[in-house]
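K.L.:
Got a structure for you, written out below as structure tokens; questions coming shortly.
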Amino acid sequence: MASDTASTSNPPLGKYLASTDKKTRDKAIKNLSAFLSDPSRDALPEAEMAKLWKGIFYCFWMSDKPLVQQALASEIAEILLTISKLSVSLEFLGGFWESIVREWNSIDRLRIDKYYMLVRRFVNASFKLLIRAEWDEAVCREYNSILTGRGGPLCPEDPRVPTSLAYHLADIYLEELDKALGNSPVSSPLPAPLSTLLSPFLTLAARTQTKTTYQRIQSALLDPLYSALGPSEESDEPPSKRARLSTPTFQNLTSNACSTSSKEEGPLRSPELKKVLLKQMFDVASEPGTRDANRRRFYALWKENMEDDEGSPGSPAHNAVDGS
């Protein structure tokens with residue numbers, strides 16, 4: 001068995017990754033990490049990567065205790081950061097998403113929660129990978145293409161993509177980005193390019209044919225973000241109760257974000273960044289490919305946020321009313 005899984009010239013075979021013996025699976029994962037982390041290793045052919053991820057998927061399938069599942073999810077996602085070549089990391093990430101989309105509907109209700117956790121771990125590791133790459137624009141574009149291309153979890157034209165997977169991504173995206181910035185792999189992370197990172201969700205919200213998909217993206221992603229970037233509101237509630245009732249603040253994100261170019265722009269102030277993001281949404285709403293119903297929803301959301309900001313304390317409109 002040792003000679004079968006210890007080789008660095010070939011990836012561990014799927015039968016070892018999906019073995020019923022935990023020790024065999026654990027050893028296969030460790031050897032997989034060593035194999036992919038080899039600096040001389042180029043990206044695997046697409047068919048080989050798909051075969052590899054078939055084995056990894058069922059390796060995780062076989063994990064049956066919460067602590068084991070958590071540790072394994074972290075270990076698999078960490079491979080993304082231990083791989084020496086960025087191009088190989090992105091290939092590995094693409095294989096993950098294609099595997100998840102392909103196998104998602106086969107996951108039973110008793111296992112679905114642990115796969116939600118695995119997705120969360122990979123989203124966090126992906127952001128750390130981009131942070132380490134200094135939010136390089138070409139790398140961010142490649143990352144977005146993985147999410148939105150055929151087989152990606154946010155592809156608006158691929159009927160195979162389960163809606164529940166897109167919903168889960170919308171639910172956790174900002175939270176995991178905020179966590180990654182707060183626990184960065186580098187000492188002074190550059191600001192996150194929010195316009196770039198939000199682009200796949202805006203495209204999906206614009207082109208989706210289902211009202212519920214648009215609504216989930218707005219309620220789970222856009223509304224909390226615009227609220228976090230907006231002016232803070234005074235409250236008479238006690239602090240403990242206010243914390244439970246308030247929307248997320250994403251403090252790491254709102255204090256270290258920009259529009260598209262991390263090195264050129266530097267961190268933008270929240271009001272300025274919110275205006276940029278609202279304009280981006282308005283522009284997406286105006287595109288020919290946006291469905292009419294979604295266009296109207298985008299415009300209504302844009303108008304609502306513009307009116308809220310104009311009426312907030314400190315805004316020119318609010319000051320003019322106070323001084324009249």
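Ordering of the structure tokens sets the chain letters (A, B, ...), residue numbers begin anew at 1 in every chain, and ligands are numbered from 1 in the order given.
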What's around Val284 of chain A at 10 Å? Count only C-alpha atoms, leave out sequence neighbours fewer than 3 positions away in its own chain, and write the answer as a list in words.
P.N.:
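Final neighbour list, sorted by chain and number: Ser199, Leu202, Thr203, Ala205, Ala206, Leu278, Lys279, Gln280, Met281, Glu287, Pro288, Gly289, Thr290, Arg295 and Phe298 of chain A.
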K.L.:
For the selection just defined, write its residues with N, CA and C atoms to a file, as a compact mmCIF listing (two decimals), in the first residue's frame.
P.N.:
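In the end it all went to again_16.txt:
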```txt
# COMPACT_ATOMS: atom_id res chain seq x y z
N SER A 199 -19.02 40.65 -9.71
CA SER A 199 -19.45 40.55 -11.11
C SER A 199 -20.18 39.24 -11.44
N LEU A 202 -23.77 39.45 -10.09
CA LEU A 202 -24.61 40.41 -10.82
C LEU A 202 -25.03 39.85 -12.17
N THR A 203 -24.11 39.15 -12.83
CA THR A 203 -24.44 38.55 -14.13
C THR A 203 -25.51 37.47 -13.96
N ALA A 205 -27.70 37.24 -11.47
CA ALA A 205 -28.96 37.90 -11.09
C ALA A 205 -29.62 38.57 -12.29
N ALA A 206 -28.81 39.07 -13.22
CA ALA A 206 -29.35 39.75 -14.40
C ALA A 206 -29.99 38.77 -15.38
N LEU A 278 -23.03 50.60 -6.77
CA LEU A 278 -24.38 50.88 -7.26
C LEU A 278 -24.36 51.21 -8.75
N LYS A 279 -23.35 51.95 -9.17
CA LYS A 279 -23.22 52.27 -10.60
C LYS A 279 -22.97 51.00 -11.40
N GLN A 280 -22.16 50.10 -10.86
CA GLN A 280 -21.91 48.83 -11.53
C GLN A 280 -23.22 48.06 -11.72
N MET A 281 -24.03 48.00 -10.67
CA MET A 281 -25.31 47.31 -10.78
C MET A 281 -26.22 47.99 -11.80
N GLU A 287 -27.59 46.44 -19.53
CA GLU A 287 -27.05 45.61 -20.60
C GLU A 287 -28.17 44.88 -21.36
N PRO A 288 -27.98 44.65 -22.68
CA PRO A 288 -29.02 43.98 -23.49
C PRO A 288 -29.36 42.58 -22.99
N GLY A 289 -28.39 41.87 -22.41
CA GLY A 289 -28.64 40.50 -21.99
C GLY A 289 -29.41 40.37 -20.69
N THR A 290 -29.67 41.48 -20.02
CA THR A 290 -30.40 41.43 -18.74
C THR A 290 -31.89 41.24 -19.01
N ARG A 295 -34.12 43.55 -14.75
CA ARG A 295 -33.72 44.94 -14.97
C ARG A 295 -34.53 45.87 -14.07
N PHE A 298 -33.36 45.50 -10.47
CA PHE A 298 -32.08 46.20 -10.27
C PHE A 298 -32.31 47.71 -10.14
```
K.L.:
From segment 124-236 of chain A, collect each residue whose DSSP state is helix (DSSP H, G or I) and return the set as an mmCIF file with N, CA and C atoms, in the first residue's frame.
P.N.:
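part_24.cif, written as the output of this step:
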```cif
data_model
loop_
_atom_site.group_PDB
_atom_site.id
_atom_site.type_symbol
_atom_site.label_atom_id
_atom_site.label_comp_id
_atom_site.auth_asym_id
_atom_site.auth_seq_id
_atom_site.Cartn_x
_atom_site.Cartn_y
_atom_site.Cartn_z
ATOM 1 N N ASN A 124 -13.298 30.153 1.136
ATOM 2 C CA ASN A 124 -12.331 30.863 1.977
ATOM 3 C C ASN A 124 -10.912 30.688 1.447
ATOM 4 N N ALA A 125 -10.538 29.460 1.102
ATOM 5 C CA ALA A 125 -9.193 29.206 0.578
ATOM 6 C C ALA A 125 -8.977 29.917 -0.750
ATOM 7 N N SER A 126 -10.021 30.012 -1.559
ATOM 8 C CA SER A 126 -9.912 30.716 -2.853
ATOM 9 C C SER A 126 -9.595 32.190 -2.643
ATOM 10 N N PHE A 127 -10.264 32.810 -1.674
ATOM 11 C CA PHE A 127 -9.981 34.214 -1.384
ATOM 12 C C PHE A 127 -8.553 34.391 -0.866
ATOM 13 N N LYS A 128 -8.092 33.470 -0.047
ATOM 14 C CA LYS A 128 -6.714 33.555 0.441
ATOM 15 C C LYS A 128 -5.717 33.399 -0.709
ATOM 16 N N LEU A 129 -6.062 32.560 -1.665
ATOM 17 C CA LEU A 129 -5.209 32.400 -2.847
ATOM 18 C C LEU A 129 -5.130 33.706 -3.626
ATOM 19 N N LEU A 130 -6.268 34.382 -3.788
ATOM 20 C CA LEU A 130 -6.292 35.657 -4.502
ATOM 21 C C LEU A 130 -5.570 36.754 -3.716
ATOM 22 N N ILE A 131 -5.707 36.733 -2.401
ATOM 23 C CA ILE A 131 -4.977 37.694 -1.564
ATOM 24 C C ILE A 131 -3.474 37.512 -1.755
ATOM 25 N N ARG A 132 -3.040 36.251 -1.738
ATOM 26 C CA ARG A 132 -1.615 35.957 -1.899
ATOM 27 C C ARG A 132 -1.110 36.372 -3.281
ATOM 28 N N GLU A 137 -5.244 41.178 -11.557
ATOM 29 C CA GLU A 137 -6.473 41.285 -12.348
ATOM 30 C C GLU A 137 -6.684 40.086 -13.251
ATOM 31 N N ALA A 138 -5.614 39.569 -13.860
ATOM 32 C CA ALA A 138 -5.745 38.400 -14.742
ATOM 33 C C ALA A 138 -6.148 37.162 -13.938
ATOM 34 N N VAL A 139 -5.601 37.021 -12.740
ATOM 35 C CA VAL A 139 -5.940 35.878 -11.885
ATOM 36 C C VAL A 139 -7.396 35.977 -11.431
ATOM 37 N N CYS A 140 -7.837 37.190 -11.075
ATOM 38 C CA CYS A 140 -9.237 37.382 -10.677
ATOM 39 C C CYS A 140 -10.190 37.073 -11.828
ATOM 40 N N ARG A 141 -9.799 37.449 -13.039
ATOM 41 C CA ARG A 141 -10.638 37.130 -14.204
ATOM 42 C C ARG A 141 -10.732 35.620 -14.403
ATOM 43 N N GLU A 142 -9.606 34.923 -14.230
ATOM 44 C CA GLU A 142 -9.610 33.467 -14.363
ATOM 45 C C GLU A 142 -10.480 32.831 -13.280
ATOM 46 N N TYR A 143 -10.379 33.364 -12.074
ATOM 47 C CA TYR A 143 -11.210 32.869 -10.969
ATOM 48 C C TYR A 143 -12.698 33.050 -11.296
ATOM 49 N N ASN A 144 -13.061 34.223 -11.781
ATOM 50 C CA ASN A 144 -14.460 34.469 -12.142
ATOM 51 C C ASN A 144 -14.926 33.564 -13.268
ATOM 52 N N SER A 145 -14.037 33.285 -14.214
ATOM 53 C CA SER A 145 -14.418 32.421 -15.336
ATOM 54 C C SER A 145 -14.654 30.991 -14.862
ATOM 55 N N ILE A 146 -13.944 30.566 -13.813
ATOM 56 C CA ILE A 146 -14.185 29.247 -13.232
ATOM 57 C C ILE A 146 -15.600 29.190 -12.656
ATOM 58 N N LEU A 147 -16.013 30.270 -11.998
ATOM 59 C CA LEU A 147 -17.339 30.304 -11.381
ATOM 60 C C LEU A 147 -18.459 30.418 -12.404
ATOM 61 N N THR A 148 -18.225 31.141 -13.487
ATOM 62 C CA THR A 148 -19.318 31.464 -14.418
ATOM 63 C C THR A 148 -19.295 30.652 -15.700
ATOM 64 N N THR A 163 -29.659 25.132 -8.226
ATOM 65 C CA THR A 163 -29.906 26.474 -7.679
ATOM 66 C C THR A 163 -29.479 26.553 -6.211
ATOM 67 N N SER A 164 -29.605 25.451 -5.482
ATOM 68 C CA SER A 164 -29.242 25.483 -4.064
ATOM 69 C C SER A 164 -27.753 25.757 -3.877
ATOM 70 N N LEU A 165 -26.936 25.379 -4.841
ATOM 71 C CA LEU A 165 -25.500 25.634 -4.751
ATOM 72 C C LEU A 165 -25.212 27.124 -4.938
ATOM 73 N N ALA A 166 -25.901 27.736 -5.908
ATOM 74 C CA ALA A 166 -25.749 29.186 -6.110
ATOM 75 C C ALA A 166 -26.266 29.951 -4.882
ATOM 76 N N TYR A 167 -27.355 29.475 -4.291
ATOM 77 C CA TYR A 167 -27.900 30.120 -3.093
ATOM 78 C C TYR A 167 -26.882 30.070 -1.952
ATOM 79 N N HIS A 168 -26.271 28.910 -1.771
ATOM 80 C CA HIS A 168 -25.294 28.759 -0.689
ATOM 81 C C HIS A 168 -24.101 29.689 -0.901
ATOM 82 N N LEU A 169 -23.663 29.803 -2.132
ATOM 83 C CA LEU A 169 -22.550 30.713 -2.427
ATOM 84 C C LEU A 169 -22.915 32.151 -2.079
ATOM 85 N N ALA A 170 -24.119 32.558 -2.457
ATOM 86 C CA ALA A 170 -24.565 33.917 -2.131
ATOM 87 C C ALA A 170 -24.624 34.118 -0.615
ATOM 88 N N ASP A 171 -25.035 33.087 0.110
ATOM 89 C CA ASP A 171 -25.160 33.180 1.569
ATOM 90 C C ASP A 171 -23.816 33.395 2.253
ATOM 91 N N ILE A 172 -22.762 32.755 1.760
ATOM 92 C CA ILE A 172 -21.487 32.721 2.499
ATOM 93 C C ILE A 172 -20.405 33.614 1.903
ATOM 94 N N TYR A 173 -20.621 34.171 0.728
ATOM 95 C CA TYR A 173 -19.535 34.813 -0.021
ATOM 96 C C TYR A 173 -18.895 35.975 0.735
ATOM 97 N N LEU A 174 -19.703 36.906 1.181
ATOM 98 C CA LEU A 174 -19.158 38.073 1.879
ATOM 99 C C LEU A 174 -18.557 37.685 3.221
ATOM 100 N N GLU A 175 -19.199 36.764 3.909
ATOM 101 C CA GLU A 175 -18.705 36.331 5.218
ATOM 102 C C GLU A 175 -17.306 35.715 5.084
ATOM 103 N N GLU A 176 -17.131 34.846 4.075
ATOM 104 C CA GLU A 176 -15.830 34.193 3.914
ATOM 105 C C GLU A 176 -14.771 35.165 3.382
ATOM 106 N N LEU A 177 -15.168 36.134 2.577
ATOM 107 C CA LEU A 177 -14.231 37.152 2.127
ATOM 108 C C LEU A 177 -13.770 37.995 3.316
ATOM 109 N N ASP A 178 -14.696 38.352 4.180
ATOM 110 C CA ASP A 178 -14.363 39.122 5.372
ATOM 111 C C ASP A 178 -13.419 38.328 6.282
ATOM 112 N N LYS A 179 -13.689 37.039 6.440
ATOM 113 C CA LYS A 179 -12.823 36.176 7.254
ATOM 114 C C LYS A 179 -11.420 36.075 6.651
ATOM 115 N N ALA A 180 -11.346 35.911 5.337
ATOM 116 C CA ALA A 180 -10.047 35.761 4.675
ATOM 117 C C ALA A 180 -9.208 37.023 4.841
ATOM 118 N N LEU A 181 -9.840 38.187 4.762
ATOM 119 C CA LEU A 181 -9.110 39.443 4.958
ATOM 120 C C LEU A 181 -8.678 39.601 6.406
ATOM 121 N N GLY A 182 -9.486 39.089 7.331
ATOM 122 C CA GLY A 182 -9.148 39.184 8.743
ATOM 123 C C GLY A 182 -8.115 38.172 9.187
ATOM 124 N N LEU A 194 -13.894 44.696 -5.003
ATOM 125 C CA LEU A 194 -15.274 44.239 -4.842
ATOM 126 C C LEU A 194 -16.068 44.217 -6.147
ATOM 127 N N SER A 195 -15.856 45.197 -7.009
ATOM 128 C CA SER A 195 -16.585 45.190 -8.282
ATOM 129 C C SER A 195 -16.276 43.922 -9.066
ATOM 130 N N THR A 196 -15.013 43.536 -9.058
ATOM 131 C CA THR A 196 -14.599 42.326 -9.764
ATOM 132 C C THR A 196 -15.212 41.089 -9.129
ATOM 133 N N LEU A 197 -15.163 41.011 -7.805
ATOM 134 C CA LEU A 197 -15.638 39.816 -7.104
ATOM 135 C C LEU A 197 -17.159 39.670 -7.157
ATOM 136 N N LEU A 198 -17.875 40.793 -7.256
ATOM 137 C CA LEU A 198 -19.340 40.732 -7.318
ATOM 138 C C LEU A 198 -19.855 40.458 -8.723
ATOM 139 N N SER A 199 -19.020 40.649 -9.711
ATOM 140 C CA SER A 199 -19.454 40.551 -11.106
ATOM 141 C C SER A 199 -20.182 39.243 -11.437
ATOM 142 N N PRO A 200 -19.688 38.063 -11.012
ATOM 143 C CA PRO A 200 -20.411 36.825 -11.354
ATOM 144 C C PRO A 200 -21.827 36.783 -10.795
ATOM 145 N N PHE A 201 -22.030 37.331 -9.598
ATOM 146 C CA PHE A 201 -23.364 37.326 -8.998
ATOM 147 C C PHE A 201 -24.297 38.301 -9.702
ATOM 148 N N LEU A 202 -23.770 39.452 -10.095
ATOM 149 C CA LEU A 202 -24.607 40.415 -10.821
ATOM 150 C C LEU A 202 -25.027 39.850 -12.173
ATOM 151 N N THR A 203 -24.108 39.151 -12.834
ATOM 152 C CA THR A 203 -24.438 38.545 -14.126
ATOM 153 C C THR A 203 -25.513 37.473 -13.960
ATOM 154 N N LEU A 204 -25.362 36.637 -12.929
ATOM 155 C CA LEU A 204 -26.373 35.601 -12.691
ATOM 156 C C LEU A 204 -27.712 36.230 -12.333
ATOM 157 N N ALA A 205 -27.702 37.239 -11.468
ATOM 158 C CA ALA A 205 -28.956 37.903 -11.085
ATOM 159 C C ALA A 205 -29.619 38.566 -12.289
ATOM 160 N N ALA A 206 -28.809 39.073 -13.216
ATOM 161 C CA ALA A 206 -29.354 39.752 -14.396
ATOM 162 C C ALA A 206 -29.992 38.774 -15.377
ATOM 163 N N ARG A 207 -29.404 37.583 -15.496
ATOM 164 C CA ARG A 207 -29.818 36.668 -16.568
ATOM 165 C C ARG A 207 -30.673 35.501 -16.111
ATOM 166 N N LYS A 211 -37.242 34.029 -10.392
ATOM 167 C CA LYS A 211 -37.340 35.163 -9.474
ATOM 168 C C LYS A 211 -36.637 34.864 -8.157
ATOM 169 N N THR A 212 -36.725 33.595 -7.697
ATOM 170 C CA THR A 212 -36.144 33.246 -6.405
ATOM 171 C C THR A 212 -34.613 33.365 -6.427
ATOM 172 N N THR A 213 -33.983 33.064 -7.559
ATOM 173 C CA THR A 213 -32.526 33.195 -7.639
ATOM 174 C C THR A 213 -32.125 34.659 -7.518
ATOM 175 N N TYR A 214 -32.833 35.525 -8.243
ATOM 176 C CA TYR A 214 -32.547 36.960 -8.114
ATOM 177 C C TYR A 214 -32.750 37.403 -6.665
ATOM 178 N N GLN A 215 -33.875 37.019 -6.070
ATOM 179 C CA GLN A 215 -34.190 37.460 -4.712
ATOM 180 C C GLN A 215 -33.147 36.981 -3.706
ATOM 181 N N ARG A 216 -32.638 35.756 -3.895
ATOM 182 C CA ARG A 216 -31.637 35.235 -2.950
ATOM 183 C C ARG A 216 -30.342 36.040 -3.059
ATOM 184 N N ILE A 217 -29.924 36.364 -4.268
ATOM 185 C CA ILE A 217 -28.700 37.144 -4.449
ATOM 186 C C ILE A 217 -28.866 38.534 -3.838
ATOM 187 N N GLN A 218 -30.036 39.124 -4.014
ATOM 188 C CA GLN A 218 -30.251 40.456 -3.441
ATOM 189 C C GLN A 218 -30.290 40.386 -1.910
ATOM 190 N N SER A 219 -31.053 39.443 -1.354
ATOM 191 C CA SER A 219 -31.236 39.410 0.099
ATOM 192 C C SER A 219 -29.995 38.913 0.840
ATOM 193 N N ALA A 220 -29.249 37.987 0.245
ATOM 194 C CA ALA A 220 -28.110 37.387 0.945
ATOM 195 C C ALA A 220 -26.802 38.107 0.675
ATOM 196 N N LEU A 221 -26.733 38.824 -0.456
ATOM 197 C CA LEU A 221 -25.447 39.402 -0.857
ATOM 198 C C LEU A 221 -25.513 40.920 -1.016
ATOM 199 N N LEU A 222 -26.402 41.397 -1.876
ATOM 200 C CA LEU A 222 -26.407 42.820 -2.209
ATOM 201 C C LEU A 222 -26.930 43.678 -1.055
ATOM 202 N N ASP A 223 -28.072 43.304 -0.494
ATOM 203 C CA ASP A 223 -28.632 44.112 0.599
ATOM 204 C C ASP A 223 -27.676 44.220 1.791
ATOM 205 N N PRO A 224 -27.113 43.100 2.274
ATOM 206 C CA PRO A 224 -26.178 43.219 3.408
ATOM 207 C C PRO A 224 -24.944 44.048 3.076
ATOM 208 N N LEU A 225 -24.450 43.926 1.853
ATOM 209 C CA LEU A 225 -23.249 44.688 1.483
ATOM 210 C C LEU A 225 -23.555 46.176 1.418
ATOM 211 N N TYR A 226 -24.643 46.546 0.742
ATOM 212 C CA TYR A 226 -24.988 47.968 0.650
ATOM 213 C C TYR A 226 -25.270 48.549 2.035
ATOM 214 N N SER A 227 -25.881 47.736 2.885
ATOM 215 C CA SER A 227 -26.154 48.197 4.253
ATOM 216 C C SER A 227 -24.851 48.419 5.023
ATOM 217 N N ALA A 228 -23.898 47.491 4.868
ATOM 218 C CA ALA A 228 -22.618 47.615 5.571
ATOM 219 C C ALA A 228 -21.823 48.826 5.097
ATOM 220 N N LEU A 229 -21.991 49.188 3.823
ATOM 221 C CA LEU A 229 -21.265 50.332 3.260
ATOM 222 C C LEU A 229 -22.000 51.652 3.476
#
```
K.L.:
Here is a test: counting only C-alpha atoms, which residue of A:Glu157, A:Glu134, A:Glu264, A:Asp283 is nearest to Val186 of chain A?
P.N.:
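Of A:Glu157, A:Glu134, A:Glu264, A:Asp283, the one nearest Val186 of chain A is A:Glu134, counting only C-alpha atoms.
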K.L.:
Would you mind reading off the distance between atom CA of Pro193 of chain A and atom CA of Gly230 of chain A, one decimal, in Å?
P.N.:
17.9 Å
K.L.:
Just the number, please: distance in Å from atom CA of Ser87 of chain A to atom CA of Arg25 of chain A, one decimal.
P.N.:
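The value is 26.1 Å.
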K.L.:
Which residue out of A:Ala43, A:Cys59, A:Ser74, A:Arg150 has the minimum interatomic distance to Leu17 of chain A when only C-alpha atoms are used?
P.N.:
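Closest candidate: A:Cys59.
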K.L.:
Please, what distance in Å, to one decimal, runs between atom CA of Leu44 of chain A and atom CA of Asp21 of chain A?
P.N.:
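According to the coordinates, atom CA of Leu44 of chain A and atom CA of Asp21 of chain A are separated by 26.7 Å.
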K.L.:
Tell me which protein, DNA and RNA residues are within 12 Å of Trp61 of chain A, counting only C-alpha atoms, leaving out same-chain ones fewer than 3 positions away, and put them as number ranges by chain.
P.N.:
A: 17-20, 22, 25, 53-58, 64-65, 68-69, 72-73, 100, 103-104, 106-108, 110-115, 118
K.L.:
Keeping only C-alpha atoms, write the selected residues as a CSV table (one decimal), in the first residue's frame.
P.N.:
```
chain,number,residue,atom,x,y,z
A,17,LEU,CA,-9.1,8.0,-2.0
A,18,ALA,CA,-12.5,6.3,-1.7
A,19,SER,CA,-11.3,3.4,0.4
A,20,THR,CA,-13.5,2.2,3.2
A,22,LYS,CA,-9.9,5.7,7.0
A,25,ARG,CA,-7.9,7.6,2.7
A,53,TRP,CA,-11.8,14.8,-8.1
A,54,LYS,CA,-14.1,11.9,-8.5
A,55,GLY,CA,-11.9,10.1,-5.9
A,56,ILE,CA,-11.6,13.1,-3.6
A,57,PHE,CA,-15.4,13.6,-3.7
A,58,TYR,CA,-16.0,10.1,-2.5
A,64,ASP,CA,-18.7,10.1,8.9
A,65,LYS,CA,-18.0,12.0,12.1
A,68,VAL,CA,-13.3,14.1,11.0
A,69,GLN,CA,-15.4,15.9,8.4
A,72,LEU,CA,-10.8,16.7,6.2
A,73,ALA,CA,-12.7,19.6,4.6
A,100,ILE,CA,-19.4,19.6,-7.0
A,103,GLU,CA,-22.3,15.3,-8.2
A,104,TRP,CA,-24.5,17.8,-6.2
A,106,SER,CA,-26.6,12.8,-5.8
A,107,ILE,CA,-25.9,14.0,-2.3
A,108,ASP,CA,-28.5,12.8,0.2
A,110,LEU,CA,-27.8,13.3,5.6
A,111,ARG,CA,-24.6,14.3,3.8
A,112,ILE,CA,-25.6,17.7,2.4
A,113,ASP,CA,-24.5,19.8,5.4
A,114,LYS,CA,-20.9,18.5,5.2
A,115,TYR,CA,-20.7,19.3,1.6
A,118,LEU,CA,-16.6,21.8,2.1
```
K.L.:
If you count only C-alpha atoms, which residues fall within 10 Å of Arg269 of chain A, apart from same-chain ones fewer than 5 positions away, as a PyMOL selection string?
P.N.:
chain A and resi 229+254-258+274
K.L.:
Keeping only N, CA, C and O atoms, write the selected residues as a PDB file, in the first residue's frame.
P.N.:
```
ATOM      1  N   LEU A 229     -21.991  49.188   3.823  1.00  0.00           N
ATOM      2  CA  LEU A 229     -21.265  50.332   3.260  1.00  0.00           C
ATOM      3  C   LEU A 229     -22.000  51.652   3.476  1.00  0.00           C
ATOM      4  O   LEU A 229     -21.443  52.724   3.238  1.00  0.00           O
ATOM      5  N   THR A 254     -15.112  46.103   4.652  1.00  0.00           N
ATOM      6  CA  THR A 254     -15.459  47.503   4.388  1.00  0.00           C
ATOM      7  C   THR A 254     -14.288  48.451   4.638  1.00  0.00           C
ATOM      8  O   THR A 254     -14.247  49.553   4.103  1.00  0.00           O
ATOM      9  N   SER A 255     -13.322  48.026   5.461  1.00  0.00           N
ATOM     10  CA  SER A 255     -12.163  48.880   5.727  1.00  0.00           C
ATOM     11  C   SER A 255     -11.010  48.622   4.755  1.00  0.00           C
ATOM     12  O   SER A 255     -10.025  49.360   4.765  1.00  0.00           O
ATOM     13  N   ASN A 256     -11.134  47.587   3.915  1.00  0.00           N
ATOM     14  CA  ASN A 256     -10.026  47.251   3.020  1.00  0.00           C
ATOM     15  C   ASN A 256     -10.550  46.694   1.705  1.00  0.00           C
ATOM     16  O   ASN A 256     -10.332  45.527   1.369  1.00  0.00           O
ATOM     17  N   ALA A 257     -11.251  47.555   0.973  1.00  0.00           N
ATOM     18  CA  ALA A 257     -11.815  47.148  -0.317  1.00  0.00           C
ATOM     19  C   ALA A 257     -11.700  48.296  -1.310  1.00  0.00           C
ATOM     20  O   ALA A 257     -11.619  49.468  -0.934  1.00  0.00           O
ATOM     21  N   CYS A 258     -11.699  47.921  -2.580  1.00  0.00           N
ATOM     22  CA  CYS A 258     -11.658  48.921  -3.653  1.00  0.00           C
ATOM     23  C   CYS A 258     -12.610  48.460  -4.752  1.00  0.00           C
ATOM     24  O   CYS A 258     -13.422  47.549  -4.531  1.00  0.00           O
ATOM     25  N   LYS A 274     -19.591  52.388  -2.159  1.00  0.00           N
ATOM     26  CA  LYS A 274     -20.988  52.037  -2.388  1.00  0.00           C
ATOM     27  C   LYS A 274     -21.510  52.674  -3.681  1.00  0.00           C
ATOM     28  O   LYS A 274     -22.222  52.031  -4.453  1.00  0.00           O
TER      29      LYS A 274
END
```
K.L.:
Considering only C-alpha atoms, can you say which of A:Ser187, A:Asn294, A:Ser63, A:Asn31 comes closest to Gln209 of chain A?
P.N.:
A:Asn294
K.L.:
Using only C-alpha atoms, which of the listed residues (A:Pro66, A:Gly94, A:Gly151, A:Pro162) sits closest to Met117 of chain A?
P.N.:
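Smallest distance to Met117 of chain A is found for A:Pro66.
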